[in-house]
$ cat structure_0.tsv   # TSV, C-alpha atoms
chain	number	residue	atom	x	y	z
J	1	LYS	CA	-42.32	-83.59	-68.17
J	2	ASN	CA	-42.40	-79.88	-68.98
J	3	GLU	CA	-42.35	-77.46	-66.08
J	4	VAL	CA	-45.32	-75.64	-67.63
J	5	GLU	CA	-48.21	-77.61	-69.12
J	6	GLN	CA	-51.11	-76.07	-71.00
J	7	SER	CA	-54.42	-77.62	-71.96
J	8	PRO	CA	-55.94	-78.00	-74.37
J	9	GLN	CA	-53.32	-77.78	-77.12
J	10	ASN	CA	-55.99	-76.87	-79.66
J	11	LEU	CA	-59.43	-75.41	-79.09
J	12	THR	CA	-62.17	-74.60	-81.58
J	13	ALA	CA	-65.18	-72.62	-80.43
J	14	GLN	CA	-68.21	-70.88	-81.86
J	15	GLU	CA	-68.60	-67.15	-81.55
J	16	GLU	CA	-70.04	-66.06	-78.18
J	17	GLU	CA	-68.88	-69.21	-76.40
J	18	PHE	CA	-67.18	-69.03	-73.00
J	19	ILE	CA	-63.60	-70.30	-73.31
J	20	THR	CA	-61.20	-71.62	-70.70
J	21	ILE	CA	-57.51	-72.37	-71.19
J	22	ASN	CA	-55.61	-74.04	-68.38
J	23	CYS	CA	-52.01	-73.85	-67.23
J	24	SER	CA	-50.33	-76.05	-64.62
J	25	TYR	CA	-46.77	-75.68	-63.42
J	26	SER	CA	-44.51	-77.81	-61.26
J	27	VAL	CA	-42.02	-75.29	-59.87
J	28	GLY	CA	-42.08	-72.41	-57.43
J	29	ILE	CA	-42.83	-69.14	-59.15
J	30	SER	CA	-42.87	-65.44	-58.40
J	31	ALA	CA	-45.44	-64.61	-61.09
J	32	LEU	CA	-47.33	-66.07	-64.03
J	33	HIS	CA	-47.86	-64.42	-67.40
J	34	TRP	CA	-50.50	-64.94	-70.08
J	35	LEU	CA	-49.43	-63.93	-73.58
J	36	GLN	CA	-51.21	-63.75	-76.94
J	37	GLN	CA	-49.65	-64.44	-80.32
J	38	HIS	CA	-51.55	-63.79	-83.57
J	39	PRO	CA	-50.55	-65.67	-86.75
J	40	GLY	CA	-47.38	-64.19	-88.16
J	41	GLY	CA	-47.39	-61.57	-85.47
J	42	GLY	CA	-45.56	-60.67	-82.36
J	43	ILE	CA	-46.30	-61.60	-78.78
J	44	VAL	CA	-48.43	-59.39	-76.58
J	45	SER	CA	-48.57	-59.55	-72.81
J	46	LEU	CA	-52.15	-59.96	-71.55
J	47	PHE	CA	-51.74	-60.49	-67.82
J	48	MET	CA	-49.10	-60.73	-65.17
J	49	LEU	CA	-50.36	-62.14	-61.88
J	50	SER	CA	-49.01	-63.57	-58.67
J	51	SER	CA	-52.28	-64.15	-56.82
J	52	GLY	CA	-56.04	-63.97	-57.20
J	53	LYS	CA	-57.73	-62.75	-60.32
J	54	LYS	CA	-57.39	-60.02	-62.95
J	55	LYS	CA	-59.88	-58.85	-65.55
J	56	HIS	CA	-59.38	-56.86	-68.72
J	57	GLY	CA	-62.38	-56.42	-70.96
J	58	ARG	CA	-63.65	-59.91	-71.87
J	59	LEU	CA	-60.52	-61.63	-70.56
J	60	ILE	CA	-60.17	-62.96	-67.03
J	61	ALA	CA	-57.09	-64.63	-65.55
J	62	THR	CA	-56.99	-66.51	-62.26
J	63	ILE	CA	-54.23	-68.21	-60.35
J	64	ASN	CA	-54.18	-70.67	-57.46
J	65	ILE	CA	-50.68	-70.69	-56.02
J	66	GLN	CA	-51.32	-73.66	-53.70
J	67	GLU	CA	-52.57	-75.83	-56.56
J	68	LYS	CA	-49.96	-74.46	-59.02
J	69	HIS	CA	-52.68	-73.75	-61.56
J	70	SER	CA	-53.91	-70.81	-63.61
J	71	SER	CA	-56.80	-70.33	-66.01
J	72	LEU	CA	-57.46	-67.83	-68.77
J	73	HIS	CA	-61.13	-67.23	-69.56
J	74	ILE	CA	-62.60	-65.45	-72.55
J	75	THR	CA	-66.22	-64.42	-72.30
J	76	ALA	CA	-68.40	-63.85	-75.40
J	77	SER	CA	-65.63	-65.05	-77.70
J	78	HIS	CA	-65.16	-63.44	-81.10
J	79	PRO	CA	-63.27	-64.54	-84.24
J	80	ARG	CA	-60.67	-61.83	-83.57
J	81	ASP	CA	-59.76	-63.74	-80.38
J	82	SER	CA	-58.32	-66.48	-82.59
J	83	ALA	CA	-54.65	-66.72	-81.66
J	84	VAL	CA	-52.13	-68.77	-79.73
J	85	TYR	CA	-52.34	-68.19	-75.98
J	86	ILE	CA	-49.16	-68.84	-74.05
J	87	CYS	CA	-48.66	-69.35	-70.33
J	88	ALA	CA	-45.24	-68.47	-68.89
J	89	VAL	CA	-43.88	-68.49	-65.35
J	90	GLU	CA	-41.16	-66.47	-63.66
J	91	THR	CA	-38.92	-68.94	-61.89
J	92	SER	CA	-35.38	-67.57	-61.67
J	93	GLY	CA	-34.96	-63.84	-61.55
J	94	SER	CA	-36.63	-62.18	-64.51
J	95	ARG	CA	-36.46	-65.16	-66.85
J	96	LEU	CA	-39.58	-66.92	-68.12
J	97	THR	CA	-40.34	-70.59	-68.70
J	98	PHE	CA	-43.00	-71.04	-71.35
J	99	GLY	CA	-45.76	-73.52	-72.03
J	100	GLU	CA	-46.22	-74.80	-75.57
J	101	GLY	CA	-49.25	-72.64	-76.19
J	102	THR	CA	-52.92	-73.22	-76.93
J	103	GLN	CA	-54.14	-72.61	-80.48
J	104	LEU	CA	-57.61	-71.05	-80.25
J	105	THR	CA	-59.89	-70.77	-83.28
J	106	VAL	CA	-63.23	-68.99	-82.91
J	107	ASN	CA	-65.63	-69.52	-85.78
J	108	PRO	CA	-68.35	-67.03	-86.71
X	1	ASN	CA	-43.08	-44.94	-78.13
X	2	ALA	CA	-41.97	-47.79	-80.41
X	3	GLY	CA	-41.44	-50.47	-77.70
X	4	VAL	CA	-39.15	-53.30	-78.87
X	5	THR	CA	-38.04	-53.14	-82.51
X	6	GLN	CA	-36.52	-56.13	-84.27
X	7	THR	CA	-34.92	-56.21	-87.69
X	8	PRO	CA	-35.07	-57.89	-90.11
X	9	LYS	CA	-38.51	-59.51	-90.10
X	10	PHE	CA	-37.47	-62.27	-92.49
X	11	ARG	CA	-34.13	-63.65	-93.61
X	12	ILE	CA	-32.84	-66.63	-95.56
X	13	LEU	CA	-29.26	-67.66	-94.86
X	14	LYS	CA	-27.04	-70.24	-96.43
X	15	ILE	CA	-25.26	-72.75	-94.21
X	16	GLY	CA	-22.08	-71.23	-92.85
X	17	GLN	CA	-23.12	-67.61	-93.35
X	18	SER	CA	-23.20	-65.10	-90.52
X	19	MET	CA	-25.72	-62.46	-89.58
X	20	THR	CA	-26.82	-60.18	-86.78
X	21	LEU	CA	-30.39	-59.84	-85.60
X	22	GLN	CA	-30.96	-56.33	-84.31
X	23	CYS	CA	-33.06	-55.45	-81.27
X	24	THR	CA	-33.70	-51.98	-79.87
X	25	GLN	CA	-35.98	-50.81	-77.08
X	26	ASP	CA	-36.86	-47.25	-76.14
X	27	MET	CA	-38.43	-47.88	-72.73
X	28	ASN	CA	-35.21	-47.72	-70.71
X	29	HIS	CA	-35.70	-51.33	-69.55
X	30	ASN	CA	-32.69	-52.87	-67.89
X	31	TYR	CA	-33.54	-56.47	-68.77
X	32	MET	CA	-33.40	-57.79	-72.32
X	33	TYR	CA	-33.74	-61.30	-73.77
X	34	TRP	CA	-33.48	-63.34	-76.91
X	35	TYR	CA	-35.83	-66.30	-77.35
X	36	ARG	CA	-36.32	-68.75	-80.16
X	37	GLN	CA	-39.63	-70.38	-80.99
X	38	ASP	CA	-39.73	-73.71	-82.79
X	39	PRO	CA	-42.97	-75.28	-84.09
X	40	GLY	CA	-44.97	-77.01	-81.37
X	41	MET	CA	-42.55	-75.99	-78.63
X	42	GLY	CA	-42.46	-73.27	-76.04
X	43	LEU	CA	-40.09	-70.34	-76.40
X	44	LYS	CA	-36.55	-71.10	-75.30
X	45	LEU	CA	-34.16	-68.54	-73.82
X	46	ILE	CA	-30.94	-68.06	-75.81
X	47	TYR	CA	-29.25	-65.17	-73.97
X	48	TYR	CA	-30.29	-62.45	-71.60
X	49	SER	CA	-28.90	-59.24	-70.14
X	50	VAL	CA	-29.64	-57.49	-66.86
X	51	GLY	CA	-28.04	-54.23	-67.91
X	52	ALA	CA	-25.49	-52.61	-70.21
X	53	GLY	CA	-22.24	-54.56	-70.22
X	54	ILE	CA	-23.75	-57.68	-68.62
X	55	THR	CA	-24.90	-60.74	-70.55
X	56	ASP	CA	-25.48	-64.36	-69.64
X	57	LYS	CA	-26.39	-67.65	-71.31
X	58	GLY	CA	-29.88	-69.06	-71.31
X	59	GLU	CA	-31.07	-72.58	-72.10
X	60	VAL	CA	-29.89	-72.80	-75.73
X	61	PRO	CA	-26.87	-70.48	-76.27
X	62	ASN	CA	-24.75	-72.66	-78.56
X	63	GLY	CA	-24.14	-71.09	-81.96
X	64	TYR	CA	-25.06	-67.58	-80.80
X	65	ASN	CA	-23.38	-64.54	-79.29
X	66	VAL	CA	-24.70	-61.29	-77.87
X	67	SER	CA	-23.44	-57.94	-76.68
X	68	ARG	CA	-25.03	-55.13	-74.69
X	69	SER	CA	-23.04	-51.96	-75.07
X	70	THR	CA	-26.03	-49.68	-74.40
X	71	THR	CA	-29.31	-49.99	-72.49
X	72	GLU	CA	-31.24	-49.71	-75.76
X	73	ASP	CA	-29.54	-52.29	-77.99
X	74	PHE	CA	-29.16	-56.05	-77.67
X	75	PRO	CA	-28.02	-57.63	-80.97
X	76	LEU	CA	-27.88	-61.40	-81.49
X	77	ARG	CA	-25.06	-62.75	-83.66
X	78	LEU	CA	-25.10	-66.04	-85.57
X	79	GLU	CA	-21.55	-66.83	-86.66
X	80	LEU	CA	-21.86	-70.05	-88.70
X	81	ALA	CA	-25.49	-70.61	-89.57
X	82	ALA	CA	-26.79	-74.19	-89.39
X	83	PRO	CA	-30.18	-75.65	-90.41
X	84	SER	CA	-30.92	-76.26	-86.71
X	85	GLN	CA	-31.03	-72.48	-86.26
X	86	THR	CA	-34.06	-72.20	-88.52
X	87	SER	CA	-36.60	-70.69	-86.16
X	88	VAL	CA	-38.53	-67.57	-85.21
X	89	TYR	CA	-36.53	-65.30	-82.94
X	90	PHE	CA	-38.07	-62.91	-80.45
X	91	CYS	CA	-36.36	-60.14	-78.57
X	92	ALA	CA	-37.98	-58.91	-75.37
X	93	SER	CA	-37.35	-56.43	-72.61
X	94	SER	CA	-38.71	-56.22	-69.09
X	95	TYR	CA	-38.92	-53.97	-66.08
X	96	TYR	CA	-39.35	-54.79	-62.42
X	97	VAL	CA	-42.67	-53.88	-60.83
X	98	THR	CA	-43.60	-54.81	-57.24
X	99	GLY	CA	-42.42	-58.41	-57.12
X	100	SER	CA	-42.47	-59.43	-60.78
X	101	TYR	CA	-41.50	-58.31	-64.25
X	102	GLY	CA	-43.54	-56.67	-66.99
X	103	TYR	CA	-42.56	-57.87	-70.45
X	104	THR	CA	-42.63	-56.31	-73.92
X	105	PHE	CA	-41.87	-58.45	-76.97
X	106	GLY	CA	-40.70	-57.56	-80.43
X	107	SER	CA	-42.57	-58.69	-83.55
X	108	GLY	CA	-40.13	-61.50	-84.31
X	109	THR	CA	-37.59	-62.46	-86.98
X	110	ARG	CA	-38.30	-65.52	-89.11
X	111	LEU	CA	-34.96	-67.08	-90.05
X	112	THR	CA	-34.48	-69.93	-92.51
X	113	VAL	CA	-31.10	-71.59	-92.97
X	114	VAL	CA	-30.72	-73.59	-96.19
$ encode --input "structure_0.tsv" --output "structure tokens"
Amino acid sequence: KNEVEQSPQNLTAQEEEFITINCSYSVGISALHWLQQHPGGGIVSLFMLSSGKKKHGRLIATINIQEKHSSLHITASHPRDSAVYICAVETSGSRLTFGEGTQLTVNP
Amino acid sequence: NAGVTQTPKFRILKIGQSMTLQCTQDMNHNYMYWYRQDPGMGLKLIYYSVGAGITDKGEVPNGYNVSRSTTEDFPLRLELAAPSQTSVYFCASSYYVTGSYGYTFGSGTRLTVV
């Protein structure tokens, strides 16, 4: 079993839909990261959080340390949100352990 | 401010050839990393460095070598390329901020070994 599990693996939505991507982890962490990867592109850091909730534009990330669970929400989704979203946790020093990613496709 | 710069973006190698993937950051970050990304799998750590002159192995170091002579540069060396090293490679750097680390990733190098 992977230390970081994401669900769903693939998600297709219509424009304007509210989207949720989930991340569960099985180890103690100091922080959790949400990353975005566009096709053929690099990886961009969206959020880094160790408790509570953060919001940036239409993106919201939450974490529940007791339940070892985090969610990434996208409100009013748009085709440009189509990307792979990756959850990663800091477990040992500065190193990250990554989930396999969630492929999101938003159709117009 | 360029962030993390990786070169080349694409490369095809023949089995047994050698090459160096270059990585440079201009943010004065102490921590640097090399990851590989295989289809359907999460990124795996190859090597990392916590500062100039200090490197350490990650999860999948076999077949690779690194050096860190300056804060800015962290090249990854493949000595005898094998088909199993076909992957997308990402360099990253990070800085410490109140209890966790902020990360910046490069744009990746797509390597094919034939």
$ closest_residue --input "structure_0.tsv" --among "J:Ile43, J:Ala83, J:Leu59, J:Ile19" --to "X:Val88" --atoms "only C-alpha atoms"
J:Ile43
$ axis_aligned_box --input "structure_0.tsv" --around "stretch 31-45 of chain X" --padding-each-side "5 Å" --output "JSON"
{"center_x": -39.2, "center_y": -66.7, "center_z": -76.4, "size_x": 21.6, "size_y": 30.5, "size_z": 25.3}
$ interface_residues --input "structure_0.tsv" --of "chain X" --to "chain J" --cutoff "9 Å" --atoms "only C-alpha atoms" --output "VMD selection string"
chain X and resid 31 33 40 to 45 48 50 58 90 94 to 96 99 to 108
$ residues_around --input "structure_0.tsv" --residues "stretch 51-54 of chain J" --least-positions-apart "4" --cutoff "7 Å" --atoms "only C-alpha atoms" --output "list in words"
Ile60, Ala61, Thr62, Ile63, Asn64 and Ile65 of chain J
$ closest_residue --input "structure_0.tsv" --among "J:Ser26, J:Ser92, J:Thr20, J:Gln103" --to "J:Glu67" --atoms "all atoms listed in the file"
J:Ser26
$ atom_distance --input "structure_0.tsv" --atom1 "atom CA of X:Ile12" --atom2 "atom CA of X:Thr112"
4.8 Å
$ residues_around --input "structure_0.tsv" --residues "X:Arg77" --least-positions-apart "5" --cutoff "7 Å" --atoms "all atoms listed in the file" --output "PyMOL selection string"
chain X and resi 19-21+64-66
$ atom_distance --input "structure_0.tsv" --atom1 "atom CA of X:Ala82" --atom2 "atom CA of J:Glu3"
28.2 Å
$ residues_around --input "structure_0.tsv" --residues "J:Ile21" --least-positions-apart "4" --cutoff "9 Å" --atoms "all atoms listed in the file" --output "JSON, numbers by chain"
{"J": [6, 7, 8, 11, 70, 71, 72, 73, 74, 85, 102]}
$ atom_distance --input "structure_0.tsv" --atom1 "atom CA of X:Phe10" --atom2 "atom CA of X:Thr86"
11.2 Å
$ residues_near_point --input "structure_0.tsv" --point "(-33.0, -51.2, -87.5)" --cutoff "10 Å" --atoms "all atoms listed in the file" --output "VMD selection string"
chain X and resid 5 to 8 21 to 24
$ decode --input "structure_0.tsv" --residues "stretch 30-69 of chain J" --atoms "C-alpha atoms" --output "mmCIF file, in the first residue's frame"
data_model
loop_
_atom_site.group_PDB
_atom_site.id
_atom_site.type_symbol
_atom_site.label_atom_id
_atom_site.label_comp_id
_atom_site.auth_asym_id
_atom_site.auth_seq_id
_atom_site.Cartn_x
_atom_site.Cartn_y
_atom_site.Cartn_z
ATOM 1 C CA SER J 30 5.095 17.880 8.907
ATOM 2 C CA ALA J 31 3.265 19.353 5.902
ATOM 3 C CA LEU J 32 1.266 18.427 2.820
ATOM 4 C CA HIS J 33 1.679 19.889 -0.650
ATOM 5 C CA TRP J 34 -0.700 20.124 -3.591
ATOM 6 C CA LEU J 35 0.984 20.409 -6.987
ATOM 7 C CA GLN J 36 -0.291 20.940 -10.528
ATOM 8 C CA GLN J 37 1.222 19.479 -13.682
ATOM 9 C CA HIS J 38 0.000 20.495 -17.144
ATOM 10 C CA PRO J 39 0.550 18.140 -20.109
ATOM 11 C CA GLY J 40 4.156 18.290 -21.209
ATOM 12 C CA GLY J 41 4.840 20.944 -18.640
ATOM 13 C CA GLY J 42 6.573 21.385 -15.378
ATOM 14 C CA ILE J 43 5.207 21.060 -11.881
ATOM 15 C CA VAL J 44 3.825 24.050 -10.032
ATOM 16 C CA SER J 45 3.282 24.252 -6.299
ATOM 17 C CA LEU J 46 -0.310 25.226 -5.448
ATOM 18 C CA PHE J 47 -0.473 24.884 -1.672
ATOM 19 C CA MET J 48 1.648 23.939 1.272
ATOM 20 C CA LEU J 49 -0.332 23.332 4.449
ATOM 21 C CA SER J 50 0.106 21.776 7.848
ATOM 22 C CA SER J 51 -3.318 22.536 9.331
ATOM 23 C CA GLY J 52 -6.706 23.999 8.508
ATOM 24 C CA LYS J 53 -7.544 25.490 5.166
ATOM 25 C CA LYS J 54 -5.998 27.703 2.486
ATOM 26 C CA LYS J 55 -7.644 29.475 -0.428
ATOM 27 C CA HIS J 56 -6.164 30.903 -3.599
ATOM 28 C CA GLY J 57 -8.589 32.190 -6.183
ATOM 29 C CA ARG J 58 -10.931 29.320 -7.096
ATOM 30 C CA LEU J 59 -8.769 26.715 -5.364
ATOM 31 C CA ILE J 60 -9.258 25.624 -1.769
ATOM 32 C CA ALA J 61 -7.139 23.100 0.126
ATOM 33 C CA THR J 62 -8.029 21.575 3.480
ATOM 34 C CA ILE J 63 -6.258 19.166 5.759
ATOM 35 C CA ASN J 64 -7.373 17.082 8.739
ATOM 36 C CA ILE J 65 -4.258 15.938 10.576
ATOM 37 C CA GLN J 66 -6.140 13.580 12.923
ATOM 38 C CA GLU J 67 -7.813 11.767 10.024
ATOM 39 C CA LYS J 68 -4.670 11.936 7.824
ATOM 40 C CA HIS J 69 -6.702 13.358 4.964
#
